[in-house]
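Asker: The structure under discussion is supplied below as structure tokens; questions concerning it will follow.
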Amino acid sequence: MVYEYKDFEGDMILRDHLAYDRTKFALLRTFLSIARTALGLLASGAGLIILQTSVTLVSIGYVLVVVAAIVLLIGSIYSLKAKKRLDSLRDGVPPHEDMA
């Protein structure tokens, strides 16, 4: 597949467009790995809850489910902030202080 960058905006040259795309794909890979980790934690926790009769292991299962939700939430927030910062850098707008 060939990508064409016909509409160069402002001071961005082809190298800048390619770096932007590479960074965007890296952010996507990072989010997907965070989602995979959360899914693994969720599956482990659900397995412990469903299959175990020990109160301790069931409690650990509930903790794993909560940790999975927290990991997914933090990963989503990180990804959204990073995407906003990347888009603002591409548009030439300096990033806001809380996004750094």
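Identifiers in the structure tokens: chain A, B, ... in order shown; residue index from 1 per chain; ligand index from 1 in order shown.
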Give me the residues near region 37-48 of chain A as an MDAnalysis selection string, where near means some atom within 10 Å (using only C-alpha atoms) and where sequence neighbours in that chain fewer than 5 positions away do not count.
Answerer: chainID A and resid 31:32 53:54 56:73 75
Asker: Keeping only C-alpha atoms, write the selected residues as a PDB file, in the first residue's frame.
Answerer:
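result.pdb was written with the following content:
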ATOM      1  CA  PHE A  31      -2.896   1.002  23.825  1.00  0.00           C
ATOM      2  CA  LEU A  32      -3.525  -2.448  22.395  1.00  0.00           C
ATOM      3  CA  THR A  53     -14.218 -22.598  46.167  1.00  0.00           C
ATOM      4  CA  SER A  54     -11.595 -21.089  48.458  1.00  0.00           C
ATOM      5  CA  THR A  56      -8.998 -16.452  49.525  1.00  0.00           C
ATOM      6  CA  LEU A  57      -8.716 -17.312  45.832  1.00  0.00           C
ATOM      7  CA  VAL A  58     -12.145 -15.852  45.074  1.00  0.00           C
ATOM      8  CA  SER A  59     -11.066 -12.640  46.824  1.00  0.00           C
ATOM      9  CA  ILE A  60      -7.905 -12.562  44.716  1.00  0.00           C
ATOM     10  CA  GLY A  61     -10.133 -12.988  41.656  1.00  0.00           C
ATOM     11  CA  TYR A  62     -12.177  -9.933  42.595  1.00  0.00           C
ATOM     12  CA  VAL A  63      -8.988  -7.950  43.168  1.00  0.00           C
ATOM     13  CA  LEU A  64      -7.740  -8.961  39.707  1.00  0.00           C
ATOM     14  CA  VAL A  65     -11.006  -7.810  38.111  1.00  0.00           C
ATOM     15  CA  VAL A  66     -10.725  -4.431  39.832  1.00  0.00           C
ATOM     16  CA  VAL A  67      -7.058  -4.124  38.834  1.00  0.00           C
ATOM     17  CA  ALA A  68      -8.013  -4.926  35.217  1.00  0.00           C
ATOM     18  CA  ALA A  69     -10.544  -2.078  35.221  1.00  0.00           C
ATOM     19  CA  ILE A  70      -7.978   0.307  36.703  1.00  0.00           C
ATOM     20  CA  VAL A  71      -5.308  -0.700  34.168  1.00  0.00           C
ATOM     21  CA  LEU A  72      -7.735  -0.172  31.282  1.00  0.00           C
ATOM     22  CA  LEU A  73      -8.865   3.206  32.644  1.00  0.00           C
ATOM     23  CA  GLY A  75      -4.242   3.187  29.768  1.00  0.00           C
TER      24      GLY A  75
END
Asker: What's around Asp21 (chain A) at 12 Å? Count only C-alpha atoms, leave out sequence neighbours fewer than 6 positions away in its own chain, and write the answer as a list in words.
Answerer: Tyr3, Tyr5, Leu14, Arg15, Leu27, Leu28, Lys83, Leu86, Asp87 and Arg90 of chain A
Asker: Looking at A:Val55, A:Ile13, A:Ile34, A:Leu18, which one is nearest to Ile77 (chain A), with distances taken over only C-alpha atoms?
Answerer: A:Ile34
